[in-house]
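Enquirer: Submitted below is the structure of interest, expressed as structure tokens.
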Amino acid sequence: MSHSVELAGIGMTFGTTRAVSDVTFKVAAGEFFSILGPSGCGKTTILRMIAGFIEPTEGRVLIGERDMAGLGPDQRPTAMIFQSLALFPLMSVRDNIAFGLEARGMSRPERRAKADDLLRLIALEGYGDRMSGELSGGQRQRVAIARALAVEPGVLLLDEPLSALDLKLRQHMRAELRALQKRTGVTFIYITHDQSEALAMSDRVAVMSDGLLQQVASPRALYDNPATPFVARFVGETNAIPGRIIQVQDGHARIDTALGSLTGRAGHGAQAGQPGTIYIRPEALMPGGTENTLTAGIERVDFEGSFALVHGRFDGGEALAASIPSTRLAEAPEPGSRASFGFAPGHAVVLGDG
Amino acid sequence: MGELKNRFGPGLSTIFVTLVIFWLAGMVLAPNLMMIDYALRPNLPPQALGGPEDTYSLANILYLAGEPTHRAIFFKTIWASALVAGVTFLVCYPIAFWLAQRATTGQLAVAMLLIIIPFFINEVLRTLAWFIILAYRGPLNSALMNIGLIDAPIRWQGDGGVLAAMVYAYILFMLLPIYNAIESLEKAQIEAARDLGAPTWRIHTRVVIPHAKAGIATGFVFTFMLAAGSYVAPALLGSPGSRWFTEIIYNWFFEGGDWNRGAAYALVLLVLCLAVVLVTLKLVRVNLTDVAK
Ligand SMILES: Nc1ncnc2c1ncn2[C@@H]1O[C@H](COP(=O)(O)OP(=O)(O)O)[C@@H](O)[C@H]1O
Ligand SMILES: [Mg+2]
């Protein structure tokens, strides 16, 4: 059983700190939904309001269409995975997993059977009698998930659960989490400050900045059509070149920059005569391209395996990042040289600065 | 020892160690050995000391076993001290939990000050304050009568008064170890338990208390030993029916003039206290070094 989650204009003020303002979005039942934003932007606060640890100072939280006002965390159909995992160190793995069932008055043999089922689900069969401190980081991670799933929540809330793991394990756990979500069908609301994590796992992503919701969209839409300058810069790498928008027509915008006149797709707030910025993804920049040409001084070329990242400065002073697939490494410019790049208008977006 | 030498040089560290050894030998070991010596010898007039009757025996201890009133008071002191520790725990646990997990920094400072300040005053004076409060015509009775809760004054002195005064006197020894233990519990664990649907009492029995076990055991041990060895509270607030074992020991020394029997009684109390402490620690699987911390 999974539930939808709807936030209707929720806000939270701690004393004088405005942590979250007027956030509205709806997560469908069974969706893998991420909340992405830099540290301190209010992600955990939102999650805690959904879980019921804190009541929003304004707005409403609805889970499965039901208003949750006044219900504590023990009365909501949610389960939370804490950033620190918060496993109970004095209990065995099995008792950890069965804790919620014990609280619900399930008999000991039933609890045991269910905990063992879950241990199988997370591929830790036979680890039931260990203490949680004897497990590796990834295993503890999975125990925390099993403990939360044991109470059959309609919504699973995950607060940066992978942030403590090393890169390899993190990537492995991403795939595992995603598979687990598909298998169980539970709604996942997943918090992260790592944009590649959000893009790789989610059905949809909400991007936050300073307590404000910036955009809710699929990973693809977020990447291709950022709604705000913040999203354009925060999600993925980008080359941002400011200027003045001179023409908007047929979904394209022309912008006058220090590097000349450039054309991209017209995005949010792009109006002729207004200041704006064109955002070009690193992979869109082609060395020696003839359309929308830009010149830059090359500082470094970092070989990263499947591609090489070219760093430098545009003539206007903005940072350059261009990625070149390894198969075309021969075209990469030399460090210290000057090179010109081009890009197709469809691969860049122009946003108003407002 | 090696560390000490590194830090203070051989001269100073030798002095330190010698002083500590003297302290232990002179202030701890010698009096206790003397007490054992007294306890095992009969009470004789000065001229008979060293004579044929001056032999070691268990007679003084057996006297206690054979004297029903003293025996009863002895066992009562033991269980009443356990009761004091238990009640002190019930009083302190909620306060410690609140201080450690809920209070803001400001509240914590104010509460700690309020709890600690009375302890700047001598124990005898604090007990005297209770004596005044609990007096037959004292403020507590008149307050209760004024608000109409009771019609006639209650005689608080006796078991109730002793319990109240001791619980109050030993609050810090229970509160601080429990506070320290609960303070180190990660907040997220309490939240996780709650999130998983555990009611408040289960959060405490399954998560908080197991985590704070060593602190609680420490508080119990301190409070129990202090209560069992307490003299002031029972002497001031007790009634003839609520005599404490320490009062009997006192009487042997200062009124009965039989130091040997007094020493034997004190020895029995010491041994039984130690036994209770060790059994308690064994039961909760905490070792002495944890308590010492
Ligand atoms: N209990 C609290 N009391 C006061 N301020 C808080 C509290 N919790 C969070 N904040 C503030 O709210 C803002 C958002 O915090 P948080 O939701 O934890 O951000 P994130 O999880 O995105 O890093 C921060 O400025 C933080 O200092
Ligand atoms: Mg956070």
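Going through the structure tokens in order, the chains are called A, B, and so on, while each chain numbers its residues from 1 and the ligands are numbered from 1 in the order shown.
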Could you write out as a short mmCIF file (atom, residue, chain, number, x, y, z; two decimals) with N, CA, C and O atoms, in the first residue's frame the residues of chain A within 12 Å of chain B, counting only C-alpha atoms?
Expert:
data_model
loop_
_atom_site.label_atom_id
_atom_site.label_comp_id
_atom_site.auth_asym_id
_atom_site.auth_seq_id
_atom_site.Cartn_x
_atom_site.Cartn_y
_atom_site.Cartn_z
N ARG A 48 10.75 16.42 7.92
CA ARG A 48 10.27 16.28 9.30
C ARG A 48 8.84 16.76 9.45
O ARG A 48 8.11 16.29 10.32
N ILE A 50 6.65 16.30 7.03
CA ILE A 50 5.86 15.20 6.46
C ILE A 50 5.77 14.06 7.48
O ILE A 50 4.72 13.46 7.69
N ALA A 51 6.89 13.78 8.15
CA ALA A 51 6.93 12.68 9.12
C ALA A 51 6.12 12.99 10.37
O ALA A 51 5.69 12.08 11.06
N GLY A 52 5.94 14.27 10.66
CA GLY A 52 5.16 14.64 11.84
C GLY A 52 6.00 14.98 13.06
O GLY A 52 5.46 15.12 14.15
N PHE A 53 7.31 15.12 12.90
CA PHE A 53 8.14 15.52 14.04
C PHE A 53 7.94 16.99 14.37
O PHE A 53 8.10 17.41 15.51
N ILE A 54 7.65 17.78 13.34
CA ILE A 54 7.33 19.18 13.60
C ILE A 54 6.07 19.54 12.82
O ILE A 54 5.80 18.96 11.75
N LEU A 71 -1.41 15.02 13.97
CA LEU A 71 -1.02 13.62 14.13
C LEU A 71 0.50 13.54 14.31
O LEU A 71 1.25 14.14 13.56
N GLY A 72 0.93 12.78 15.29
CA GLY A 72 2.36 12.62 15.55
C GLY A 72 2.97 11.60 14.61
O GLY A 72 2.26 10.94 13.86
N PRO A 73 4.28 11.45 14.66
CA PRO A 73 4.98 10.52 13.76
C PRO A 73 4.51 9.08 13.93
O PRO A 73 4.55 8.29 12.98
N ASP A 74 4.06 8.73 15.15
CA ASP A 74 3.60 7.36 15.37
C ASP A 74 2.21 7.13 14.79
O ASP A 74 1.75 5.99 14.73
N GLN A 75 1.53 8.21 14.39
CA GLN A 75 0.17 8.04 13.87
C GLN A 75 0.10 8.24 12.35
O GLN A 75 -0.96 8.20 11.77
N ARG A 76 1.26 8.49 11.74
CA ARG A 76 1.25 8.73 10.30
C ARG A 76 1.75 7.50 9.56
O ARG A 76 2.60 6.78 10.07
N PRO A 77 1.24 7.29 8.34
CA PRO A 77 1.66 6.10 7.59
C PRO A 77 3.02 6.30 6.92
O PRO A 77 3.22 5.88 5.79
N THR A 78 3.93 6.94 7.63
CA THR A 78 5.25 7.20 7.05
C THR A 78 6.30 6.50 7.89
O THR A 78 6.07 6.20 9.05
N ALA A 79 7.45 6.25 7.29
CA ALA A 79 8.59 5.78 8.07
C ALA A 79 9.80 6.53 7.56
O ALA A 79 9.91 6.80 6.37
N MET A 80 10.68 6.87 8.48
CA MET A 80 11.80 7.73 8.11
C MET A 80 13.12 6.99 8.25
O MET A 80 13.31 6.22 9.18
N ILE A 81 14.01 7.23 7.29
CA ILE A 81 15.39 6.76 7.41
C ILE A 81 16.22 7.99 7.74
O ILE A 81 16.27 8.93 6.94
N PHE A 82 16.84 7.97 8.91
CA PHE A 82 17.54 9.16 9.37
C PHE A 82 18.92 9.27 8.72
O PHE A 82 19.52 8.26 8.35
N GLN A 83 19.40 10.49 8.66
CA GLN A 83 20.71 10.75 8.09
C GLN A 83 21.78 9.92 8.80
O GLN A 83 22.67 9.38 8.18
N SER A 84 21.62 9.78 10.13
CA SER A 84 22.59 8.98 10.91
C SER A 84 22.16 7.52 10.99
O SER A 84 22.79 6.74 11.68
N LEU A 85 21.06 7.18 10.34
CA LEU A 85 20.43 5.84 10.38
C LEU A 85 19.72 5.59 11.70
O LEU A 85 18.64 5.03 11.72
N ALA A 86 20.34 5.99 12.82
CA ALA A 86 19.70 5.82 14.13
C ALA A 86 19.28 4.38 14.40
O ALA A 86 18.22 4.13 14.96
N LEU A 87 20.13 3.43 14.03
CA LEU A 87 19.88 2.04 14.44
C LEU A 87 20.04 1.96 15.95
O LEU A 87 20.77 2.76 16.54
N PHE A 88 19.37 0.99 16.58
CA PHE A 88 19.51 0.84 18.03
C PHE A 88 20.73 -0.03 18.31
O PHE A 88 20.71 -1.24 18.03
N PRO A 89 21.80 0.55 18.84
CA PRO A 89 23.06 -0.19 18.93
C PRO A 89 23.02 -1.34 19.92
O PRO A 89 23.84 -2.25 19.84
N LEU A 90 22.09 -1.30 20.87
CA LEU A 90 22.07 -2.35 21.89
C LEU A 90 21.16 -3.52 21.51
O LEU A 90 20.98 -4.44 22.28
N MET A 91 20.58 -3.44 20.31
CA MET A 91 19.71 -4.54 19.87
C MET A 91 20.35 -5.26 18.70
O MET A 91 21.12 -4.67 17.95
N ASP A 95 16.18 -7.62 16.09
CA ASP A 95 15.34 -6.82 16.98
C ASP A 95 15.17 -5.40 16.46
O ASP A 95 14.12 -4.79 16.65
N ASN A 96 16.21 -4.90 15.82
CA ASN A 96 16.09 -3.60 15.19
C ASN A 96 14.97 -3.62 14.16
O ASN A 96 14.08 -2.76 14.17
N ILE A 97 15.02 -4.61 13.27
CA ILE A 97 14.04 -4.67 12.20
C ILE A 97 12.64 -4.90 12.77
O ILE A 97 11.66 -4.34 12.29
N ALA A 98 12.57 -5.69 13.84
CA ALA A 98 11.26 -6.04 14.39
C ALA A 98 10.73 -4.99 15.37
O ALA A 98 9.64 -5.15 15.91
N PHE A 99 11.49 -3.93 15.60
CA PHE A 99 11.10 -2.98 16.64
C PHE A 99 9.70 -2.41 16.42
O PHE A 99 8.88 -2.35 17.34
N GLY A 100 9.42 -1.99 15.20
CA GLY A 100 8.11 -1.41 14.90
C GLY A 100 7.00 -2.42 15.06
O GLY A 100 5.87 -2.08 15.43
N LEU A 101 7.31 -3.69 14.78
CA LEU A 101 6.30 -4.75 14.89
C LEU A 101 6.01 -5.03 16.36
O LEU A 101 4.88 -5.27 16.76
N GLU A 102 7.09 -4.98 17.16
CA GLU A 102 6.95 -5.17 18.61
C GLU A 102 6.04 -4.07 19.17
O GLU A 102 5.13 -4.35 19.95
N ALA A 103 6.27 -2.85 18.70
CA ALA A 103 5.46 -1.74 19.17
C ALA A 103 4.00 -1.91 18.76
O ALA A 103 3.10 -1.38 19.40
N ARG A 104 3.77 -2.65 17.67
CA ARG A 104 2.40 -2.88 17.23
C ARG A 104 1.79 -4.11 17.87
O ARG A 104 0.69 -4.52 17.51
N GLY A 105 2.52 -4.73 18.77
CA GLY A 105 1.95 -5.85 19.52
C GLY A 105 1.96 -7.18 18.78
O GLY A 105 1.20 -8.08 19.11
N ALA A 144 18.62 -0.34 8.15
CA ALA A 144 17.76 0.82 8.44
C ALA A 144 16.55 0.82 7.51
O ALA A 144 15.42 1.12 7.92
N ILE A 145 16.79 0.46 6.25
CA ILE A 145 15.68 0.43 5.30
C ILE A 145 14.70 -0.68 5.66
O ILE A 145 13.48 -0.49 5.66
N ALA A 146 15.24 -1.85 6.01
CA ALA A 146 14.37 -2.96 6.38
C ALA A 146 13.56 -2.62 7.62
O ALA A 146 12.37 -2.94 7.71
N ARG A 147 14.19 -1.96 8.58
CA ARG A 147 13.47 -1.59 9.80
C ARG A 147 12.29 -0.68 9.48
O ARG A 147 11.21 -0.80 10.07
N ALA A 148 12.52 0.25 8.54
CA ALA A 148 11.45 1.17 8.17
C ALA A 148 10.37 0.44 7.37
O ALA A 148 9.18 0.67 7.57
N LEU A 149 10.78 -0.46 6.48
CA LEU A 149 9.80 -1.16 5.65
C LEU A 149 8.97 -2.15 6.46
O LEU A 149 7.86 -2.50 6.08
N ALA A 150 9.52 -2.60 7.60
CA ALA A 150 8.83 -3.61 8.40
C ALA A 150 7.44 -3.16 8.83
O ALA A 150 6.52 -3.96 8.93
N VAL A 151 7.27 -1.88 9.08
CA VAL A 151 5.98 -1.40 9.55
C VAL A 151 5.03 -1.12 8.38
O VAL A 151 3.96 -0.56 8.56
N GLU A 152 5.43 -1.54 7.17
CA GLU A 152 4.64 -1.38 5.95
C GLU A 152 4.13 0.05 5.79
O GLU A 152 2.92 0.29 5.75
N PRO A 153 5.04 0.99 5.69
CA PRO A 153 4.63 2.38 5.55
C PRO A 153 4.08 2.63 4.15
O PRO A 153 4.46 1.94 3.20
N LEU A 156 7.94 6.19 2.38
CA LEU A 156 9.24 6.08 3.03
C LEU A 156 9.98 7.41 2.83
O LEU A 156 10.07 7.92 1.72
N LEU A 157 10.47 7.96 3.94
CA LEU A 157 11.15 9.26 3.88
C LEU A 157 12.63 9.02 4.13
O LEU A 157 13.00 8.43 5.15
N ASP A 159 16.43 10.66 4.46
CA ASP A 159 17.19 11.90 4.62
C ASP A 159 18.67 11.66 4.32
O ASP A 159 19.41 11.21 5.18
#
Enquirer: What are the DSSP helix (DSSP H, G or I) residues of stretch 57-283 of chain B, as a PyMOL selection string?
Expert: chain B and resi 59-66+68-102+105-120+123-133+139-146+159-183+187-195+200-211+213-228+232-237+240-242+245-254+259-283
Enquirer: Residues of chain A that approach ligand 1 to 10 Å or less, counting only C-alpha atoms and all ligand atoms: could you list each one with the shortest pair of atoms and its distance in Å to one decimal, rows by chain and increasing residue number, as a tab-separated table?
Expert:
residue	atom	partner	partner_atom_place_in_ligand_line	distance
A:Met12	CA	ligand 1	12 (O)	8.4
A:Thr13	CA	ligand 1	5 (N)	7.9
A:Phe14	CA	ligand 1	4 (C)	4.8
A:Gly15	CA	ligand 1	4 (C)	6.8
A:Thr16	CA	ligand 1	4 (C)	8.2
A:Thr17	CA	ligand 1	5 (N)	6.0
A:Arg18	CA	ligand 1	12 (O)	6.7
A:Ala19	CA	ligand 1	12 (O)	4.0
A:Val20	CA	ligand 1	14 (C)	7.1
A:Ile35	CA	ligand 1	22 (O)	9.0
A:Leu36	CA	ligand 1	22 (O)	8.3
A:Gly37	CA	ligand 1	22 (O)	6.4
A:Pro38	CA	ligand 1	22 (O)	6.2
A:Ser39	CA	ligand 1	23 (O)	3.7
A:Gly40	CA	ligand 1	23 (O)	3.4
A:Cys41	CA	ligand 1	22 (O)	4.0
A:Gly42	CA	ligand 1	17 (O)	3.2
A:Lys43	CA	ligand 1	22 (O)	3.7
A:Thr44	CA	ligand 1	21 (O)	3.6
A:Thr45	CA	ligand 1	17 (O)	3.7
A:Ile46	CA	ligand 1	17 (O)	6.5
A:Leu47	CA	ligand 1	17 (O)	8.0
A:Arg48	CA	ligand 1	17 (O)	8.3
A:Met49	CA	ligand 1	17 (O)	9.9
A:Ile54	CA	ligand 1	1 (N)	8.9
A:Gln83	CA	ligand 1	21 (O)	9.6
A:Asp159	CA	ligand 1	21 (O)	7.9
A:Glu160	CA	ligand 1	21 (O)	8.6
A:Ile191	CA	ligand 1	21 (O)	7.9
A:Thr192	CA	ligand 1	22 (O)	8.3
A:His193	CA	ligand 1	22 (O)	7.7
A:Met208	CA	ligand 1	22 (O)	8.2
A:Ser209	CA	ligand 1	22 (O)	8.5
A:Asp210	CA	ligand 1	14 (C)	7.8
A:Gly211	CA	ligand 1	14 (C)	7.0
Enquirer: What's around stretch 258-273 of chain B at 10 Å? Count only C-alpha atoms, leave out sequence neighbours fewer than 4 positions away in its own chain, and write the answer as a PyMOL selection string.
Expert: chain B and resi 32+34-44+58-64+70+74-75+77-78+81+221+224-226+228-229+245-246+248-254+277-279
Enquirer: Which residues are near B:Leu163? Cut-off 10 Å, only C-alpha atoms, ignore same chain within fewer than 2 positions. Put them as an MDAnalysis selection string.
Expert: chainID B and resid 80:81 83:85 87:88 157:161 165:169 227 233:234 237:238
Enquirer: Could you tell me how far atom CA of A:Phe314 sits from atom CA of A:Gly267, in Å to one decimal place?
Expert: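 Here the two named atoms are 22.8 Å from each other.
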Enquirer: Identify, on the basis of only C-alpha atoms, every residue whose closest approach to B:Ala100 does not exceed 9 Å; exclude the query and any residue fewer than 3 positions from it along the same chain; express the result as a list in words.
Expert: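 The filter keeps Ile95, Ala96, Phe97, Ala103, Leu108, Tyr179, Asn180, Ala181, Ile182, Glu183, Ser184 and Leu185 of chain B.
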Enquirer: Would you put the residues from that selection into a file with all heavy atoms, as a PDB file, in the first residue's frame?
Expert:
ATOM      1  N   ILE B  95      13.349  14.069  35.355  1.00  0.00           N
ATOM      2  CA  ILE B  95      14.069  15.344  35.324  1.00  0.00           C
ATOM      3  C   ILE B  95      15.310  15.205  34.445  1.00  0.00           C
ATOM      4  O   ILE B  95      15.587  16.039  33.584  1.00  0.00           O
ATOM      5  CB  ILE B  95      14.495  15.773  36.748  1.00  0.00           C
ATOM      6  CG1 ILE B  95      13.257  15.890  37.646  1.00  0.00           C
ATOM      7  CG2 ILE B  95      15.249  17.088  36.714  1.00  0.00           C
ATOM      8  CD1 ILE B  95      13.587  16.191  39.101  1.00  0.00           C
ATOM      9  N   ALA B  96      16.052  14.111  34.668  1.00  0.00           N
ATOM     10  CA  ALA B  96      17.276  13.902  33.884  1.00  0.00           C
ATOM     11  C   ALA B  96      16.947  13.801  32.405  1.00  0.00           C
ATOM     12  O   ALA B  96      17.643  14.363  31.555  1.00  0.00           O
ATOM     13  CB  ALA B  96      17.982  12.630  34.355  1.00  0.00           C
ATOM     14  N   PHE B  97      15.872  13.095  32.078  1.00  0.00           N
ATOM     15  CA  PHE B  97      15.494  12.944  30.670  1.00  0.00           C
ATOM     16  C   PHE B  97      15.158  14.294  30.075  1.00  0.00           C
ATOM     17  O   PHE B  97      15.623  14.646  28.988  1.00  0.00           O
ATOM     18  CB  PHE B  97      14.303  11.999  30.524  1.00  0.00           C
ATOM     19  CG  PHE B  97      13.904  11.796  29.103  1.00  0.00           C
ATOM     20  CD1 PHE B  97      14.626  10.931  28.296  1.00  0.00           C
ATOM     21  CD2 PHE B  97      12.833  12.486  28.555  1.00  0.00           C
ATOM     22  CE1 PHE B  97      14.290  10.759  26.970  1.00  0.00           C
ATOM     23  CE2 PHE B  97      12.493  12.319  27.221  1.00  0.00           C
ATOM     24  CZ  PHE B  97      13.218  11.449  26.438  1.00  0.00           C
ATOM     25  N   ALA B 103      15.372  20.059  27.232  1.00  0.00           N
ATOM     26  CA  ALA B 103      15.571  21.436  27.673  1.00  0.00           C
ATOM     27  C   ALA B 103      16.456  22.215  26.699  1.00  0.00           C
ATOM     28  O   ALA B 103      17.371  21.662  26.101  1.00  0.00           O
ATOM     29  CB  ALA B 103      16.204  21.444  29.059  1.00  0.00           C
ATOM     30  N   LEU B 108      18.386  24.537  30.726  1.00  0.00           N
ATOM     31  CA  LEU B 108      19.322  23.617  31.358  1.00  0.00           C
ATOM     32  C   LEU B 108      20.136  24.341  32.425  1.00  0.00           C
ATOM     33  O   LEU B 108      20.293  23.865  33.551  1.00  0.00           O
ATOM     34  CB  LEU B 108      20.240  23.009  30.298  1.00  0.00           C
ATOM     35  CG  LEU B 108      21.279  22.017  30.799  1.00  0.00           C
ATOM     36  CD1 LEU B 108      20.605  20.771  31.323  1.00  0.00           C
ATOM     37  CD2 LEU B 108      22.253  21.648  29.694  1.00  0.00           C
ATOM     38  N   TYR B 179      21.739  11.849  34.007  1.00  0.00           N
ATOM     39  CA  TYR B 179      21.748  12.931  33.018  1.00  0.00           C
ATOM     40  C   TYR B 179      22.883  12.722  32.009  1.00  0.00           C
ATOM     41  O   TYR B 179      22.675  12.789  30.804  1.00  0.00           O
ATOM     42  CB  TYR B 179      21.908  14.282  33.721  1.00  0.00           C
ATOM     43  CG  TYR B 179      22.256  15.397  32.769  1.00  0.00           C
ATOM     44  CD1 TYR B 179      21.281  16.012  32.008  1.00  0.00           C
ATOM     45  CD2 TYR B 179      23.583  15.807  32.604  1.00  0.00           C
ATOM     46  CE1 TYR B 179      21.609  17.012  31.109  1.00  0.00           C
ATOM     47  CE2 TYR B 179      23.913  16.796  31.715  1.00  0.00           C
ATOM     48  CZ  TYR B 179      22.927  17.403  30.968  1.00  0.00           C
ATOM     49  OH  TYR B 179      23.260  18.370  30.066  1.00  0.00           O
ATOM     50  N   ASN B 180      24.078  12.430  32.535  1.00  0.00           N
ATOM     51  CA  ASN B 180      25.223  12.210  31.645  1.00  0.00           C
ATOM     52  C   ASN B 180      24.955  11.086  30.665  1.00  0.00           C
ATOM     53  O   ASN B 180      25.286  11.176  29.480  1.00  0.00           O
ATOM     54  CB  ASN B 180      26.466  11.861  32.458  1.00  0.00           C
ATOM     55  CG  ASN B 180      27.162  13.111  32.929  1.00  0.00           C
ATOM     56  OD1 ASN B 180      27.055  14.148  32.291  1.00  0.00           O
ATOM     57  ND2 ASN B 180      27.836  13.026  34.051  1.00  0.00           N
ATOM     58  N   ALA B 181      24.356  10.020  31.159  1.00  0.00           N
ATOM     59  CA  ALA B 181      24.108   8.864  30.294  1.00  0.00           C
ATOM     60  C   ALA B 181      23.078   9.203  29.220  1.00  0.00           C
ATOM     61  O   ALA B 181      23.273   8.909  28.041  1.00  0.00           O
ATOM     62  CB  ALA B 181      23.635   7.690  31.136  1.00  0.00           C
ATOM     63  N   ILE B 182      21.992   9.839  29.611  1.00  0.00           N
ATOM     64  CA  ILE B 182      20.930  10.124  28.635  1.00  0.00           C
ATOM     65  C   ILE B 182      21.389  11.191  27.648  1.00  0.00           C
ATOM     66  O   ILE B 182      21.009  11.188  26.483  1.00  0.00           O
ATOM     67  CB  ILE B 182      19.633  10.565  29.346  1.00  0.00           C
ATOM     68  CG1 ILE B 182      19.117   9.437  30.229  1.00  0.00           C
ATOM     69  CG2 ILE B 182      18.564  10.937  28.321  1.00  0.00           C
ATOM     70  CD1 ILE B 182      17.826   9.748  30.940  1.00  0.00           C
ATOM     71  N   GLU B 183      22.240  12.076  28.138  1.00  0.00           N
ATOM     72  CA  GLU B 183      22.696  13.158  27.281  1.00  0.00           C
ATOM     73  C   GLU B 183      23.457  12.613  26.072  1.00  0.00           C
ATOM     74  O   GLU B 183      23.438  13.202  24.999  1.00  0.00           O
ATOM     75  CB  GLU B 183      23.589  14.086  28.108  1.00  0.00           C
ATOM     76  CG  GLU B 183      23.518  15.523  27.708  1.00  0.00           C
ATOM     77  CD  GLU B 183      24.776  15.934  26.989  1.00  0.00           C
ATOM     78  OE1 GLU B 183      25.802  15.235  27.164  1.00  0.00           O
ATOM     79  OE2 GLU B 183      24.727  16.923  26.273  1.00  0.00           O
ATOM     80  N   SER B 184      24.111  11.481  26.252  1.00  0.00           N
ATOM     81  CA  SER B 184      24.897  10.930  25.151  1.00  0.00           C
ATOM     82  C   SER B 184      24.044  10.091  24.197  1.00  0.00           C
ATOM     83  O   SER B 184      24.557   9.551  23.228  1.00  0.00           O
ATOM     84  CB  SER B 184      26.032  10.064  25.711  1.00  0.00           C
ATOM     85  OG  SER B 184      25.497   8.924  26.347  1.00  0.00           O
ATOM     86  N   LEU B 185      22.755  10.001  24.463  1.00  0.00           N
ATOM     87  CA  LEU B 185      21.882   9.252  23.545  1.00  0.00           C
ATOM     88  C   LEU B 185      21.503  10.147  22.372  1.00  0.00           C
ATOM     89  O   LEU B 185      21.049  11.272  22.562  1.00  0.00           O
ATOM     90  CB  LEU B 185      20.613   8.786  24.279  1.00  0.00           C
ATOM     91  CG  LEU B 185      19.564   8.075  23.433  1.00  0.00           C
ATOM     92  CD1 LEU B 185      20.118   6.769  22.890  1.00  0.00           C
ATOM     93  CD2 LEU B 185      18.310   7.808  24.250  1.00  0.00           C
TER      94      LEU B 185
END
